[in-house]
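J.: Here it is, the structure in full.
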Amino acid sequence: MHTILPFILAMIAVIVLLNIRAVKLKIAYPILLVIGGLLISFIPGLPIVKIDPDLIFFIFLPPLLFEAAWTISFKEMTKWWRIIGSFAFLVVFFTALSVAVVAHHFIPGFTIALGFLLGGIVSPPDAVSTGAITKFVTIPRATSAILEGESLLNDASSLIIFRFALVAVGTGQFIWQEATMTFLWMVVGGAGLGLLLGWLLIQMHKRLPTDTSSDVALTLVEPYLMYWLAEEIHCSGVLAVVSGGLLMSSQRLVFLSSASRIQGYNVWESFVFILNGIVFLIIGLDLPEIVDGLRAMGIPVKTAIGYGLLVTGVIIATRIISSYAALLATLIFRPSVMPRARTPRRRLLIPLMLGWTGMRGVVSLAAALAIPVSLDNGSAFPQRNLILFITFIVILLTLLVQGLTLPYVIRRTGVFEGLMEEEQENETRLRMKRGLKQHVLEFLKTKYENMPESHAGMQKKSSSSGRNAQRRPTIAG
Amino acid sequence: MNVKSKAIFVELLEVQRNYLVELNKDPKIDEEIIRQQLYQIDLEEERLKII
């Protein structure tokens, strides 16, 4: 413990330094984290972080997903459920299938099951990376809602593919009927358990005399509880955390005080930031061992990089194809919700942009690290090092190539010009502030009209606050 | 600010929250705007506690 603790502290210090640098360079921090992870792998003598692959998911996934579910707007998700659903399930399956076929065809010794395993790992775009990169450009609210919603759900679908492929690699067989029943149980049971636990936890917060510190501490434990219980009954822990997180987020005004909400927001932001950084550094620290494993298998690093490039090309191409297919489907079935671009050329560029936003990140890394070292029969897991290496290359390339070029391409093509809802947003804000003021005045008149002094004072305060609405927007709007 | 005024202000903030929750049911309203306003109200409530 006395050796690992300074090491973990040093890792956090490195993450913070990389973030400072990223802010200064005006680039998204996951890009520098992945480069940092790569550079760390070249430093000789650093310890290799040994975390049981079974624990990787358990340590990292629940809080990352819970925070994502907490942040996302469920209302926007339901508004765009068709495209989010198709990207989160159909596109993920299409990507995993494409990767499986290509890997099976081009990589010697790669079975279809291993291909699906790799496909499941690299198919979900990462919400954190996408969010961090799109922060530097202004994109329409609908686009960001679609990207956020998709990122949240595709983690669940891709990890289900990952689980099935893992079983198929281990047992050497895949029974469709059994898999279908298991899939249904994982989805329905996971989502159901998440909602049930979410409701129970809300009741607990409401009934227990918790203060701010206890509330925030409990929210740190809750995603782990949801994930663990779901996995214990063989449901999808990911879906349990996502559905439970969405429910709790929608009820945050009911069971958390204003202080708990403010503190929780800050604590969670830092917690997720540290977790993200640690995963990137862990893979960097493991890279020398992964490369040694590749060499021991007789796979030159150059060849492995080539495989990584191939898989990256496949996932980018499938996403762009899927985006155009989604545009075509919208044009045929729901022309009323077609994107309103200024020119036909820009309208055609929108799916390309959507396709170009598929940066991979922490979930793919965690999934790759979660591959067991050995099979149940004791033999080494086939191609584990190669899968880890390809995953790292895919993340590196998508973050560097797509991540660094996306803001430039959006600005250069002006693809989202005319799609920004600035006027509508300003109107909404104005309507909201007027409504708040009106509502507060009505409340004061109704409740305090028999208290002349209080009434006069409050009305004066309300009207003066109304004049200062820009400065102090919360008092009467 | 005396305790009574503070209580009235906290009550007003709660009224504002309720209004925003109702407003958010309108599908045309961007939830992000509502959330930003709710966060401002939370900050205001905390500010009231320390003055």
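Within each chain, counting starts at residue 1; across the structure tokens, chains are named A, B, ... in the order shown, with ligands numbered 1 upward in that order.
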Name the residues in contact with Arg17 (chain B) at a cut-off of 12 Å, using only C-alpha atoms, excluding same-chain residues fewer than 2 positions from it; report them as an NGL selection string.

T.: (:A and (252-254 or 258 or 432 or 435-436 or 439-440 or 474-477)) or (:B and (10-15 or 19-24 or 34-42 or 44-45))

J.: For Lys28 (chain B), please output as a compact mmCIF listing (two decimals) with C-alpha atoms, in the first residue's frame all residues within 12 Å (counting only C-alpha atoms; exclusion window: fewer than 3 positions along the same chain).

T.:
```
# COMPACT_ATOMS: atom_id res chain seq x y z
CA LYS A 75 -36.67 14.81 -22.54
CA GLU A 76 -34.26 15.31 -25.45
CA LYS A 79 -37.64 13.57 -28.56
CA ALA A 142 -30.46 18.49 -31.48
CA GLU A 421 -31.42 27.85 -32.61
CA GLN A 424 -35.38 30.37 -30.47
CA GLU A 425 -33.13 30.00 -27.42
CA GLU A 427 -37.05 33.66 -27.05
CA THR A 428 -37.27 30.72 -24.65
CA LEU B 23 -42.56 24.79 -18.11
CA ASN B 24 -40.20 21.92 -18.86
CA LYS B 25 -43.18 19.75 -19.78
CA GLU B 31 -34.26 21.36 -21.01
CA GLU B 32 -30.71 22.68 -20.86
CA ILE B 33 -32.05 26.22 -20.43
CA ILE B 34 -34.35 25.05 -17.63
```

J.: Restricting the calculation to only C-alpha atoms, which member of A:Ala326, A:Thr357, A:Val362, A:Ala259 is positioned closest to Ile50 (chain B)?

T.: A:Ala259

J.: May I ask which of the residues A:Leu229, A:Ile332, A:Met77, A:Leu369 is the closest one to chain B, counting only C-alpha atoms?

T.: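 Comparing A:Leu229, A:Ile332, A:Met77, A:Leu369 against chain B, the winner is A:Met77.
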
J.: Within 7 Å of Val415 (chain A), counting only C-alpha atoms, which residues show up once you throw out same-chain ones fewer than 3 positions away? Write them as a PDB file with C-alpha atoms, in the first residue's frame, please.

T.:
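Just written: result18.pdb:
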```pdb
ATOM      1  CA  ARG A 346     -24.691  21.382 -46.432  1.00  0.00           C
ATOM      2  CA  LEU A 349     -22.606  17.166 -45.212  1.00  0.00           C
ATOM      3  CA  ILE A 350     -24.576  16.787 -41.954  1.00  0.00           C
ATOM      4  CA  ILE A 410     -17.251  22.137 -38.756  1.00  0.00           C
TER       5      ILE A 410
END
```

J.: Near Glu150 (chain A), counting only C-alpha atoms, which residues have an atom at most 7 Å away, once you skip same-chain residues fewer than 2 positions from it, shown as a PyMOL selection string?

T.: chain A and resi 84+87-88+146-148+152-154

J.: Using only C-alpha atoms, please write the residues we just selected to a file, as a PDB file, in the first residue's frame.

T.:
```pdb
ATOM      1  CA  ILE A  84     -30.740   7.591 -30.875  1.00  0.00           C
ATOM      2  CA  PHE A  87     -27.485   4.555 -33.581  1.00  0.00           C
ATOM      3  CA  ALA A  88     -27.278   2.954 -30.149  1.00  0.00           C
ATOM      4  CA  ILE A 146     -28.430  12.790 -30.302  1.00  0.00           C
ATOM      5  CA  LEU A 147     -24.716  12.296 -29.641  1.00  0.00           C
ATOM      6  CA  GLU A 148     -25.173  12.266 -25.852  1.00  0.00           C
ATOM      7  CA  LEU A 152     -25.216   6.553 -23.186  1.00  0.00           C
ATOM      8  CA  LEU A 153     -27.174   3.682 -24.716  1.00  0.00           C
ATOM      9  CA  ASN A 154     -24.543   2.312 -27.063  1.00  0.00           C
TER      10      ASN A 154
END
```

J.: As a PyMOL selection string, please: every residue in chain B that DSSP puts in alpha helix (DSSP H).

T.: chain B and resi 3-23+31-50

J.: What does the file look like for those residues with N, CA and C atoms, as a short mmCIF file (atom, residue, chain, number, x, y, z; two decimals), in the first residue's frame?

T.:
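Result went into again-v9.cif, see below:
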```
data_model
loop_
_atom_site.label_atom_id
_atom_site.label_comp_id
_atom_site.auth_asym_id
_atom_site.auth_seq_id
_atom_site.Cartn_x
_atom_site.Cartn_y
_atom_site.Cartn_z
N VAL B 3 -34.85 36.56 9.50
CA VAL B 3 -35.23 35.16 9.27
C VAL B 3 -36.52 35.07 8.45
N LYS B 4 -37.46 35.97 8.74
CA LYS B 4 -38.75 35.92 8.06
C LYS B 4 -38.60 36.21 6.56
N SER B 5 -37.80 37.25 6.27
CA SER B 5 -37.58 37.60 4.86
C SER B 5 -36.89 36.46 4.13
N LYS B 6 -35.92 35.87 4.83
CA LYS B 6 -35.20 34.74 4.22
C LYS B 6 -36.18 33.62 3.87
N ALA B 7 -37.07 33.35 4.82
CA ALA B 7 -38.04 32.26 4.61
C ALA B 7 -38.92 32.56 3.40
N ILE B 8 -39.30 33.85 3.27
CA ILE B 8 -40.15 34.22 2.12
C ILE B 8 -39.36 34.05 0.81
N PHE B 9 -38.10 34.48 0.84
CA PHE B 9 -37.27 34.34 -0.36
C PHE B 9 -37.10 32.87 -0.77
N VAL B 10 -36.86 32.03 0.25
CA VAL B 10 -36.70 30.59 -0.04
C VAL B 10 -37.99 30.04 -0.63
N GLU B 11 -39.11 30.53 -0.09
CA GLU B 11 -40.41 30.10 -0.60
C GLU B 11 -40.58 30.53 -2.07
N LEU B 12 -40.13 31.75 -2.36
CA LEU B 12 -40.23 32.26 -3.74
C LEU B 12 -39.37 31.43 -4.69
N LEU B 13 -38.22 31.05 -4.19
CA LEU B 13 -37.34 30.21 -5.04
C LEU B 13 -38.00 28.87 -5.34
N GLU B 14 -38.71 28.35 -4.34
CA GLU B 14 -39.42 27.08 -4.54
C GLU B 14 -40.54 27.26 -5.56
N VAL B 15 -41.22 28.41 -5.48
CA VAL B 15 -42.28 28.71 -6.46
C VAL B 15 -41.68 28.75 -7.87
N GLN B 16 -40.51 29.36 -7.97
CA GLN B 16 -39.83 29.44 -9.28
C GLN B 16 -39.47 28.05 -9.79
N ARG B 17 -39.00 27.21 -8.88
CA ARG B 17 -38.64 25.83 -9.27
C ARG B 17 -39.88 25.11 -9.82
N ASN B 18 -40.98 25.24 -9.10
CA ASN B 18 -42.21 24.56 -9.54
C ASN B 18 -42.64 25.05 -10.92
N TYR B 19 -42.52 26.36 -11.11
CA TYR B 19 -42.90 26.92 -12.41
C TYR B 19 -42.01 26.33 -13.51
N LEU B 20 -40.69 26.25 -13.24
CA LEU B 20 -39.76 25.72 -14.25
C LEU B 20 -40.03 24.25 -14.56
N VAL B 21 -40.38 23.49 -13.53
CA VAL B 21 -40.70 22.07 -13.74
C VAL B 21 -41.92 21.94 -14.66
N GLU B 22 -42.91 22.80 -14.42
CA GLU B 22 -44.11 22.77 -15.28
C GLU B 22 -43.76 23.20 -16.70
N LEU B 23 -42.95 24.27 -16.79
CA LEU B 23 -42.56 24.79 -18.11
C LEU B 23 -41.80 23.73 -18.91
N GLU B 31 -34.45 21.66 -22.44
CA GLU B 31 -34.26 21.36 -21.01
C GLU B 31 -32.98 21.96 -20.45
N GLU B 32 -31.99 22.13 -21.31
CA GLU B 32 -30.71 22.68 -20.86
C GLU B 32 -30.91 24.08 -20.27
N ILE B 33 -31.78 24.86 -20.92
CA ILE B 33 -32.05 26.22 -20.43
C ILE B 33 -32.72 26.15 -19.05
N ILE B 34 -33.65 25.22 -18.91
CA ILE B 34 -34.35 25.05 -17.63
C ILE B 34 -33.34 24.63 -16.55
N ARG B 35 -32.47 23.71 -16.89
CA ARG B 35 -31.48 23.23 -15.91
C ARG B 35 -30.55 24.35 -15.46
N GLN B 36 -30.13 25.17 -16.43
CA GLN B 36 -29.25 26.29 -16.08
C GLN B 36 -29.95 27.22 -15.08
N GLN B 37 -31.24 27.48 -15.34
CA GLN B 37 -31.99 28.36 -14.45
C GLN B 37 -32.17 27.72 -13.06
N LEU B 38 -32.43 26.42 -13.06
CA LEU B 38 -32.58 25.72 -11.77
C LEU B 38 -31.27 25.77 -10.97
N TYR B 39 -30.17 25.67 -11.69
CA TYR B 39 -28.86 25.73 -11.01
C TYR B 39 -28.66 27.13 -10.41
N GLN B 40 -29.08 28.15 -11.15
CA GLN B 40 -28.99 29.52 -10.64
C GLN B 40 -29.82 29.67 -9.37
N ILE B 41 -30.99 29.05 -9.37
CA ILE B 41 -31.86 29.14 -8.19
C ILE B 41 -31.20 28.43 -6.99
N ASP B 42 -30.58 27.28 -7.25
CA ASP B 42 -29.86 26.58 -6.18
C ASP B 42 -28.77 27.47 -5.60
N LEU B 43 -28.02 28.12 -6.48
CA LEU B 43 -26.94 29.00 -6.01
C LEU B 43 -27.52 30.15 -5.19
N GLU B 44 -28.65 30.67 -5.66
CA GLU B 44 -29.30 31.78 -4.96
C GLU B 44 -29.73 31.34 -3.55
N GLU B 45 -30.26 30.14 -3.47
CA GLU B 45 -30.71 29.63 -2.16
C GLU B 45 -29.52 29.48 -1.21
N GLU B 46 -28.42 29.00 -1.74
CA GLU B 46 -27.22 28.85 -0.89
C GLU B 46 -26.68 30.21 -0.48
N ARG B 47 -26.77 31.17 -1.39
CA ARG B 47 -26.30 32.53 -1.07
C ARG B 47 -27.14 33.12 0.06
N LEU B 48 -28.44 32.84 -0.02
CA LEU B 48 -29.34 33.35 1.03
C LEU B 48 -28.96 32.81 2.41
N LYS B 49 -28.48 31.58 2.42
CA LYS B 49 -28.14 30.95 3.71
C LYS B 49 -26.94 31.63 4.39
N ILE B 50 -26.07 32.22 3.56
CA ILE B 50 -24.85 32.79 4.16
C ILE B 50 -24.93 34.29 4.39
#
```

J.: Given the choices A:Leu32, A:Leu406, A:Leu256, A:Leu294, which gets closest to chain B if the distance is worked out from only C-alpha atoms?

T.: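 Among A:Leu32, A:Leu406, A:Leu256, A:Leu294, it is A:Leu256 that comes nearest to chain B.
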